[in-house]
Structure formats: structure tokens, C-alpha cells
>>> print(open('structure_20.cif').read())   # mmCIF, C-alpha atoms
data_coords
#
loop_
_atom_site.label_atom_id
_atom_site.label_comp_id
_atom_site.auth_asym_id
_atom_site.auth_seq_id
_atom_site.Cartn_x
_atom_site.Cartn_y
_atom_site.Cartn_z
CA MET A 23 -5.99 14.66 -7.01
CA LYS A 24 -4.95 12.50 -4.03
CA ILE A 25 -1.24 11.76 -3.56
CA TYR A 26 0.31 9.02 -1.42
CA ILE A 27 3.94 9.34 -0.28
CA SER A 28 5.82 6.28 0.99
CA VAL A 29 9.02 7.22 2.82
CA ASP A 30 11.98 4.93 3.53
CA ILE A 31 15.34 6.03 4.93
CA GLU A 32 18.20 4.12 3.26
CA GLY A 33 17.93 6.27 0.13
CA ILE A 34 17.81 9.58 2.01
CA SER A 35 20.68 11.87 1.00
CA SER A 36 24.09 11.29 2.62
CA ILE A 37 23.16 8.10 4.54
CA ALA A 38 25.97 5.58 4.05
CA HIS A 39 25.76 3.06 6.91
CA TRP A 40 23.17 0.93 8.71
CA ASP A 41 23.82 2.61 12.07
CA GLU A 42 22.57 5.88 10.58
CA THR A 43 19.17 4.34 9.83
CA GLU A 44 17.86 3.47 13.29
CA ALA A 45 17.80 4.75 16.85
CA SER A 46 20.19 2.29 18.46
CA PRO A 47 23.15 2.60 20.84
CA GLY A 48 25.48 2.79 17.82
CA GLY A 49 23.21 5.02 15.75
CA SER A 50 24.65 8.34 16.88
CA ALA A 51 23.78 10.12 13.61
CA TYR A 52 20.22 8.77 13.40
CA SER A 53 18.45 11.85 14.76
CA ALA A 54 20.02 14.09 12.10
CA PHE A 55 19.03 11.69 9.33
CA ALA A 56 15.51 11.29 10.72
CA GLU A 57 15.21 15.07 10.38
CA GLN A 58 16.55 14.92 6.82
CA MET A 59 14.05 12.14 6.08
CA THR A 60 11.30 14.45 7.33
CA GLN A 61 12.53 17.35 5.22
CA GLU A 62 12.72 15.25 2.06
CA ALA A 63 9.15 14.11 2.73
CA ASN A 64 8.21 17.78 3.18
CA ALA A 65 9.74 18.62 -0.18
CA ALA A 66 7.54 16.01 -1.84
CA ILE A 67 4.47 17.31 0.00
CA ILE A 68 5.14 20.92 -1.03
CA GLY A 69 5.77 19.92 -4.64
CA ALA A 70 2.51 17.95 -4.74
CA LEU A 71 0.51 20.83 -3.24
CA GLU A 72 2.09 23.33 -5.64
CA ALA A 73 0.87 21.16 -8.50
CA GLY A 74 -2.68 21.18 -7.13
CA ALA A 75 -2.93 18.01 -5.05
CA SER A 76 -6.10 18.07 -2.95
CA GLU A 77 -4.91 15.55 -0.35
CA VAL A 78 -1.52 14.17 0.68
CA LEU A 79 -0.96 11.17 2.94
CA VAL A 80 2.57 10.31 4.07
CA GLN A 81 3.40 6.78 5.24
CA ASP A 82 6.49 6.33 7.40
CA ALA A 83 7.69 3.06 5.86
CA HIS A 84 11.03 2.38 7.52
CA ASN A 85 11.77 -0.12 10.29
CA THR A 86 9.52 0.84 13.25
CA ALA A 87 7.53 3.21 10.98
CA ARG A 88 8.13 5.88 13.64
CA ASN A 89 11.00 7.90 12.17
CA ILE A 90 9.46 11.01 10.62
CA ILE A 91 9.25 13.88 13.12
CA PRO A 92 5.53 14.79 13.22
CA SER A 93 6.01 18.35 14.50
CA LEU A 94 8.32 19.16 11.57
CA LEU A 95 6.08 17.71 8.86
CA GLU A 96 4.14 20.07 6.59
CA LYS A 97 0.82 20.69 8.30
CA GLU A 98 -1.28 20.15 5.17
CA ALA A 99 -0.32 16.45 5.02
CA LYS A 100 -1.54 13.54 7.11
CA LEU A 101 1.02 11.13 8.59
CA MET A 102 0.65 7.38 9.00
CA ARG A 103 2.90 5.94 11.75
CA GLY A 104 3.28 2.30 12.77
CA TRP A 105 2.52 -0.86 10.80
CA PRO A 106 -1.13 -1.94 10.41
CA GLY A 107 0.10 -5.43 9.55
CA SER A 108 -1.52 -5.96 6.15
CA ILE A 109 0.03 -7.53 3.06
CA PHE A 110 0.43 -4.08 1.46
CA SER A 111 3.23 -3.03 3.80
CA MET A 112 4.90 0.17 2.52
CA VAL A 113 1.85 1.36 0.53
CA ASP A 114 -0.76 0.18 2.97
CA PHE A 115 -3.60 2.69 2.51
CA VAL A 116 -3.08 3.53 -1.19
CA GLU A 117 -6.60 2.44 -2.18
CA GLY A 118 -8.42 5.48 -3.59
CA PHE A 119 -5.27 7.54 -4.25
CA ASP A 120 -4.34 8.69 -7.74
CA GLY A 121 -0.54 8.79 -7.54
CA VAL A 122 2.24 7.36 -5.38
CA ALA A 123 5.67 8.85 -4.66
CA TYR A 124 8.57 6.98 -3.08
CA ILE A 125 11.05 8.99 -1.01
CA GLY A 126 14.35 7.64 0.34
CA TYR A 127 14.16 4.36 -1.56
CA HIS A 128 17.18 2.14 -2.22
CA SER A 129 18.65 -0.47 -4.55
CA PRO A 130 17.48 -4.09 -4.33
CA GLY A 131 19.23 -6.97 -2.65
CA GLY A 132 21.87 -8.52 -4.89
CA SER A 133 22.82 -5.23 -6.55
CA ASN A 134 26.07 -3.30 -6.11
CA SER A 135 24.67 0.24 -6.39
CA SER A 136 24.20 0.91 -2.67
CA PRO A 137 25.97 -0.21 0.52
CA LEU A 138 22.45 -0.54 2.00
CA ALA A 139 20.96 -2.60 -0.84
CA HIS A 140 18.26 -5.06 0.25
CA THR A 141 14.72 -6.09 -0.57
CA MET A 142 12.32 -6.04 2.38
CA THR A 143 14.79 -7.95 4.60
CA THR A 144 18.54 -8.44 4.90
CA LYS A 145 17.90 -12.17 5.36
CA ALA A 146 17.35 -12.59 1.62
CA LEU A 147 20.19 -12.20 -0.86
CA GLU A 148 17.94 -11.60 -3.85
CA VAL A 149 14.28 -11.55 -4.86
CA LYS A 150 13.17 -12.05 -8.47
CA ILE A 151 9.76 -11.58 -10.11
CA ASN A 152 9.39 -13.14 -13.56
CA GLY A 153 13.14 -13.50 -13.79
CA ILE A 154 13.92 -9.85 -13.00
CA ARG A 155 15.55 -8.70 -9.77
CA ALA A 156 12.89 -7.08 -7.60
CA SER A 157 13.22 -4.08 -5.31
CA GLU A 158 10.97 -2.66 -2.64
CA PHE A 159 9.98 -0.08 -5.25
CA SER A 160 8.93 -2.61 -7.90
CA ILE A 161 7.00 -4.67 -5.34
CA ASN A 162 5.17 -1.58 -4.06
CA CYS A 163 4.64 -0.28 -7.59
CA LEU A 164 2.85 -3.52 -8.50
CA SER A 165 0.81 -3.35 -5.32
CA ALA A 166 -0.19 0.26 -6.04
CA ALA A 167 -1.12 -0.51 -9.65
CA ARG A 168 -3.22 -3.48 -8.54
CA ARG A 169 -5.32 -0.98 -6.58
CA GLY A 170 -5.47 1.63 -9.33
CA ALA A 171 -2.68 4.06 -8.37
CA ALA A 172 0.11 5.27 -10.66
CA SER A 173 3.71 5.44 -9.45
CA ILE A 174 4.83 8.94 -10.37
CA PHE A 175 8.01 9.91 -8.49
CA LEU A 176 10.98 8.38 -6.68
CA SER A 177 14.06 9.68 -4.87
CA GLY A 178 16.94 7.57 -3.65
CA ASP A 179 20.26 6.15 -4.80
CA GLU A 180 21.11 6.21 -8.49
CA GLY A 181 20.63 2.46 -8.89
CA ILE A 182 17.01 2.46 -7.76
CA CYS A 183 16.31 5.64 -9.75
CA ASN A 184 17.42 3.91 -12.96
CA GLU A 185 15.37 0.82 -12.16
CA ALA A 186 12.24 2.81 -11.28
CA ALA A 187 12.37 4.92 -14.44
CA ALA A 188 12.58 1.75 -16.55
CA PHE A 189 9.92 -0.13 -14.58
CA ALA A 190 7.29 2.64 -14.49
CA PRO A 191 7.16 4.66 -17.74
CA GLY A 192 6.82 8.39 -17.13
CA LEU A 193 8.01 8.23 -13.51
CA ILE A 194 10.33 11.08 -12.52
CA ALA A 195 13.37 10.14 -10.42
CA VAL A 196 15.83 12.18 -8.37
CA ALA A 197 19.14 10.56 -7.41
CA THR A 198 20.41 11.75 -4.03
CA LYS A 199 23.61 9.68 -4.14
CA THR A 200 25.60 7.00 -5.96
CA GLY A 201 26.91 3.86 -4.31
CA LYS A 202 30.64 3.15 -4.60
CA GLY A 203 31.52 -0.19 -2.99
CA ASN A 204 30.75 0.22 0.70
CA SER A 205 30.50 4.01 0.39
CA ILE A 206 28.33 6.67 -1.24
CA VAL A 207 28.94 9.87 -3.13
CA GLY A 208 26.03 12.18 -2.48
CA ILE A 209 24.68 15.59 -3.40
CA HIS A 210 24.20 18.26 -0.73
CA PRO A 211 21.15 17.54 1.49
CA GLN A 212 19.56 20.92 0.65
CA LYS A 213 20.03 20.31 -3.07
CA ALA A 214 18.26 16.96 -2.65
CA ILE A 215 15.35 18.76 -0.98
CA ASP A 216 15.16 21.32 -3.79
CA LEU A 217 15.26 18.68 -6.53
CA ILE A 218 12.61 16.53 -4.81
CA GLN A 219 10.25 19.49 -4.53
CA SER A 220 10.57 20.50 -8.19
CA GLY A 221 10.52 16.90 -9.41
CA MET A 222 7.42 16.09 -7.39
CA LYS A 223 5.62 19.15 -8.74
CA GLU A 224 6.41 18.03 -12.27
CA ALA A 225 5.29 14.46 -11.51
CA VAL A 226 1.89 15.52 -10.17
CA GLU A 227 1.38 17.84 -13.14
CA SER A 228 2.16 14.93 -15.47
CA LEU A 229 -0.32 12.75 -13.58
CA LYS A 230 -3.01 15.43 -13.94
CA ALA A 231 -2.28 15.59 -17.67
CA GLU A 232 -2.63 11.78 -17.83
CA LYS A 233 0.96 11.38 -19.02
CA ILE A 234 1.58 8.84 -16.24
CA LYS A 235 -0.71 5.87 -15.60
CA PRO A 236 -0.61 2.72 -13.43
CA ILE A 237 1.78 0.14 -14.87
CA ALA A 238 0.39 -2.79 -16.84
CA MET A 239 -0.05 -5.87 -14.67
CA PRO A 240 1.69 -9.10 -15.75
CA SER A 241 -0.68 -11.95 -16.63
CA ALA A 242 1.16 -14.26 -14.22
CA PHE A 243 3.90 -14.16 -11.61
CA GLU A 244 6.82 -16.45 -10.87
CA VAL A 245 8.75 -15.43 -7.76
CA GLU A 246 12.16 -16.68 -6.66
CA ILE A 247 13.81 -15.85 -3.34
CA MET A 248 17.40 -16.71 -2.47
CA TYR A 249 18.17 -16.54 1.26
CA LYS A 250 21.47 -16.14 3.04
CA ASP A 251 20.79 -19.19 5.22
CA HIS A 252 19.57 -22.60 4.05
CA ASP A 253 17.33 -23.14 7.09
CA ARG A 254 15.22 -20.07 6.23
CA ALA A 255 14.66 -21.39 2.71
CA TYR A 256 13.60 -24.75 4.10
CA TYR A 257 11.25 -23.13 6.64
CA ASN A 258 9.59 -20.77 4.14
CA SER A 259 9.15 -23.51 1.54
CA SER A 260 6.27 -24.66 3.77
CA TYR A 261 4.18 -21.68 2.59
CA PRO A 262 1.27 -23.04 0.51
CA GLY A 263 2.35 -23.21 -3.13
CA ALA A 264 6.04 -22.56 -2.42
CA LYS A 265 8.69 -25.04 -3.53
CA LEU A 266 12.30 -25.54 -2.48
CA VAL A 267 14.48 -25.09 -5.58
CA ASP A 268 17.88 -25.66 -3.95
CA GLU A 269 19.45 -25.34 -0.49
CA ARG A 270 18.81 -21.57 -0.25
CA THR A 271 16.13 -20.82 -2.85
CA ILE A 272 12.35 -21.11 -3.00
CA ASN A 273 9.91 -20.62 -5.87
CA PHE A 274 6.28 -19.45 -5.89
CA LYS A 275 3.79 -18.99 -8.76
CA ALA A 276 0.57 -16.97 -8.84
CA VAL A 277 -1.82 -15.26 -11.22
CA ASP A 278 -3.03 -12.47 -8.93
CA CYS A 279 -0.61 -9.84 -7.63
CA LEU A 280 -2.42 -9.96 -4.28
CA ASP A 281 -1.29 -13.57 -3.81
CA VAL A 282 2.30 -12.46 -4.40
CA MET A 283 1.96 -9.71 -1.76
CA ALA A 284 0.57 -12.23 0.73
CA PHE A 285 3.51 -14.54 -0.02
CA PHE A 286 6.03 -11.76 0.56
CA HIS A 287 4.27 -10.79 3.80
CA PHE A 288 5.06 -14.18 5.31
CA VAL A 289 8.41 -15.14 3.78
CA LEU A 290 10.36 -11.85 3.66
#
>>> encode(input="structure_20.cif", output="C-alpha cells")
Amino acid sequence: MKIYISVDIEGISSIAHWDETEASPGGSAYSAFAEQMTQEANAAIIGALEAGASEVLVQDAHNTARNIIPSLLEKEAKLMRGWPGSIFSMVDFVEGFDGVAYIGYHSPGGSNSSPLAHTMTTKALEVKINGIRASEFSINCLSAARRGAASIFLSGDEGICNEAAAFAPGLIAVATKTGKGNSIVGIHPQKAIDLIQSGMKEAVESLKAEKIKPIAMPSAFEVEIMYKDHDRAYYNSSYPGAKLVDERTINFKAVDCLDVMAFFHFVL
């Protein structure tokens, strides 16, 4: 049983502001949250191993993809750092894995359930797939399913937990916090770690029992992206097959999920 863990940071427990998510002059709390990010990844690793996983690969999937502290990561897992540059982005090497877990994930752009809500980029206000608001989770879940992997577990803010549980039947979700306007109300960081470990163990056991399977793939895709700035919509409408809907919105249609991932790779 091979388990893939994609780790973002905005949904890590207690994070409430952008300057806590990257190592910048204003990001004074970043190092502490990078450590928490590592520990929440560890909790998922331990839970997977307790349930009998034979292999665990962790992908650092935030910003530079160099946030997780390698020396603090559980030694039984492998760590992927940096971006290879493929269309699969946050689940890049998932081919051949049985299950995927998403740690530190966050609500999609256009939602009000996280002060850090966005989808792939802060330059887009909202992304929709087949008329439904899309998140980084739903995009990656489709990408994983296209390559045969089931999405089994997610941790992050309450908004994305609710979305993930509805989008991927059987998925187990752990909410680390709830967004309130431009603030969050979160559980204790250690409690988040404990819940992720137990939830991940349960998720892998459910996968082994075939209670969770890859989601069904839609027969066709219609994507709509609304940008903050009109010039970005105009520029990205030049992508083959894309059309400008209005001053800030473009549309794209495809049959294969892989074409959608390629589209996102260039326009988000």
C-alpha cells in the first residue's frame, strides 16, 4: 500500500496571515509554522505506517516547495522538495500510488471560510469546474484519480474539509481551524497533530478495505476563471481553446482531465 502526502501550509493549524506562510522580511513567525507544517506531515506519515503502508512519499507543495524541515521529518518517509515543473503540480509523482492525503490545505478563492482562501494563485478571484467552485484540493483530487489514486484524507480549515468530504466520498477530514472574517479560530497545534495521526490511520485502513476509491471522472469539463485584473484575462484568453467571456473571465472546455491540468499550468 503506497501513500502519497501533499503538504501545503495555509491550512496548517493556527496560521492566520500571509506573512506566516513564507520566509520573508515580514514573516517573523514563518520558522515556527514551517516546523508545525513538518509535524503535521509527520502525523500523517505515522498514521499511514501504523495502518500498514509500505511506502510513503511526502511532497512539499507550498510556494518554493522548500518549507518542510528534512531533519525533523519521519525517517521512514521520502521527501520531494522543489517543483519539477509538470502539469501535475501539487501531486506530481502520484502515478503508481494507491492513496493520497492532503495536509494543510485551504478554502478556494471566492469563499469566505479562510482569510487565506485562494486557488493556485491570488491573481484569480475564482475558479469553477463544471459550474462548481474549484479548490486546490478538487483540482488535485481529479488529477490523482486520472492516474488511478484515491483521495483518502485531508486536514485544513473547516471550509475545505466540508468541500473535500462532499467531493470525495469516504474521505476523512480533520479541521484544524475555522475562518472568521479576516481571522481564524483554531484548535491547539498538538491536538491537530493527534487528530491527523488517528484520522490518517483510519483513512489508510479504509483504503485497504476498499471503502475508498478514486472519484468518478466527469465525461467533460468546462472551466471558468475570473481574474482580479482584466489584462490577465485578456492575456490568458490566448491559450489554445480558451475564450474571453467578459472583461475578467475566460472559459475553457475539454474532455480529458489532463488537458484541464495543462490549461491550469499555464493560466493560473
>>> closest_residue(input="structure_20.cif", among="A:Tyr124, A:Ser76, A:Asn64, A:Asn184", to="Ser93 in chain A", atoms="all atoms listed in the file")
A:Asn64
>>> resolve_selection(input="structure_20.cif", expression="the PyMOL selection byres ((chain A and resi 220) around 12)", output="ChimeraX atom specification")
/A:62,64-73,175,177,194-196,213-219,221-227
>>> closest_residue(input="structure_20.cif", among="A:Ala186, A:Cys163, A:Ala238, A:Ile247", to="Gly121 in chain A", atoms="only C-alpha atoms")
A:Cys163
>>> resolve_selection(input="structure_20.cif", expression="the PyMOL selection byres ((chain A and resi 142-156) around 10)", output="number ranges by chain")
A: 84-85, 111-112, 129-133, 138-141, 157-161, 185, 240, 242-251, 254-255, 270-275, 282, 286-287, 289-290
>>> atom_distance(input="structure_20.cif", atom1="CA of Ser173 in chain A", atom2="CA of Ile31 in chain A")
18.5 Å
>>> decode(input="structure_20.cif", residues="range 189-221 of chain A", atoms="N, CA and C atoms", output="tab-separated table (two decimals), in the first residue's frame")
chain	number	residue	atom	x	y	z
A	189	PHE	N	-16.84	16.11	-1.99
A	189	PHE	CA	-16.29	15.89	-3.33
A	189	PHE	C	-15.76	14.47	-3.50
A	190	ALA	N	-15.18	13.91	-2.44
A	190	ALA	CA	-14.56	12.59	-2.49
A	190	ALA	C	-15.21	11.68	-1.45
A	191	PRO	N	-16.21	10.92	-1.81
A	191	PRO	CA	-16.91	10.05	-0.85
A	191	PRO	C	-15.96	9.12	-0.11
A	192	GLY	N	-16.13	9.08	1.22
A	192	GLY	CA	-15.30	8.22	2.05
A	192	GLY	C	-14.08	8.91	2.62
A	193	LEU	N	-13.68	10.04	2.03
A	193	LEU	CA	-12.52	10.78	2.54
A	193	LEU	C	-12.74	11.21	3.98
A	194	ILE	N	-11.70	11.11	4.79
A	194	ILE	CA	-11.74	11.55	6.19
A	194	ILE	C	-11.07	12.91	6.29
A	195	ALA	N	-11.71	13.85	6.98
A	195	ALA	CA	-11.19	15.21	7.08
A	195	ALA	C	-11.04	15.64	8.53
A	196	VAL	N	-9.98	16.38	8.79
A	196	VAL	CA	-9.72	16.94	10.12
A	196	VAL	C	-9.60	18.46	9.99
A	197	ALA	N	-10.50	19.18	10.63
A	197	ALA	CA	-10.47	20.64	10.60
A	197	ALA	C	-9.54	21.16	11.69
A	198	THR	N	-8.53	21.92	11.31
A	198	THR	CA	-7.59	22.49	12.26
A	198	THR	C	-8.02	23.88	12.73
A	199	LYS	N	-8.95	24.51	11.97
A	199	LYS	CA	-9.38	25.87	12.33
A	199	LYS	C	-10.61	26.23	11.52
A	200	THR	N	-11.24	27.33	11.93
A	200	THR	CA	-12.40	27.88	11.24
A	200	THR	C	-12.13	29.34	10.93
A	201	GLY	N	-12.39	29.75	9.70
A	201	GLY	CA	-12.20	31.14	9.33
A	201	GLY	C	-13.33	32.02	9.82
A	202	LYS	N	-12.99	33.18	10.37
A	202	LYS	CA	-13.98	34.16	10.83
A	202	LYS	C	-13.55	35.52	10.30
A	203	GLY	N	-14.14	35.94	9.14
A	203	GLY	CA	-13.71	37.18	8.53
A	203	GLY	C	-12.24	37.10	8.16
A	204	ASN	N	-11.45	38.04	8.67
A	204	ASN	CA	-10.01	38.03	8.40
A	204	ASN	C	-9.23	37.40	9.56
A	205	SER	N	-9.88	36.49	10.27
A	205	SER	CA	-9.24	35.83	11.41
A	205	SER	C	-9.55	34.34	11.38
A	206	ILE	N	-8.93	33.60	12.29
A	206	ILE	CA	-9.23	32.17	12.42
A	206	ILE	C	-9.44	31.83	13.89
A	207	VAL	N	-10.21	30.79	14.12
A	207	VAL	CA	-10.35	30.20	15.45
A	207	VAL	C	-9.86	28.77	15.30
A	208	GLY	N	-8.75	28.45	15.96
A	208	GLY	CA	-8.12	27.17	15.73
A	208	GLY	C	-7.99	26.30	16.97
A	209	ILE	N	-7.84	24.99	16.73
A	209	ILE	CA	-7.59	24.06	17.83
A	209	ILE	C	-6.10	24.12	18.18
A	210	HIS	N	-5.73	23.55	19.32
A	210	HIS	CA	-4.34	23.55	19.75
A	210	HIS	C	-3.48	22.78	18.73
A	211	PRO	N	-2.29	23.28	18.40
A	211	PRO	CA	-1.43	22.61	17.42
A	211	PRO	C	-1.18	21.13	17.73
A	212	GLN	N	-1.00	20.78	19.01
A	212	GLN	CA	-0.76	19.37	19.35
A	212	GLN	C	-2.01	18.53	19.12
A	213	LYS	N	-3.18	19.12	19.40
A	213	LYS	CA	-4.42	18.39	19.15
A	213	LYS	C	-4.58	18.13	17.66
A	214	ALA	N	-4.20	19.10	16.83
A	214	ALA	CA	-4.25	18.91	15.38
A	214	ALA	C	-3.37	17.74	14.97
A	215	ILE	N	-2.17	17.67	15.52
A	215	ILE	CA	-1.25	16.58	15.23
A	215	ILE	C	-1.86	15.24	15.62
A	216	ASP	N	-2.44	15.18	16.80
A	216	ASP	CA	-3.05	13.93	17.29
A	216	ASP	C	-4.20	13.48	16.38
A	217	LEU	N	-5.06	14.43	16.00
A	217	LEU	CA	-6.21	14.10	15.17
A	217	LEU	C	-5.80	13.68	13.76
A	218	ILE	N	-4.76	14.33	13.23
A	218	ILE	CA	-4.26	13.95	11.90
A	218	ILE	C	-3.72	12.53	11.91
A	219	GLN	N	-2.97	12.18	12.96
A	219	GLN	CA	-2.40	10.84	13.04
A	219	GLN	C	-3.50	9.77	13.09
A	220	SER	N	-4.48	9.96	13.96
A	220	SER	CA	-5.55	8.96	14.09
A	220	SER	C	-6.43	8.94	12.85
A	221	GLY	N	-6.71	10.11	12.29
A	221	GLY	CA	-7.54	10.17	11.09
A	221	GLY	C	-6.86	9.53	9.89
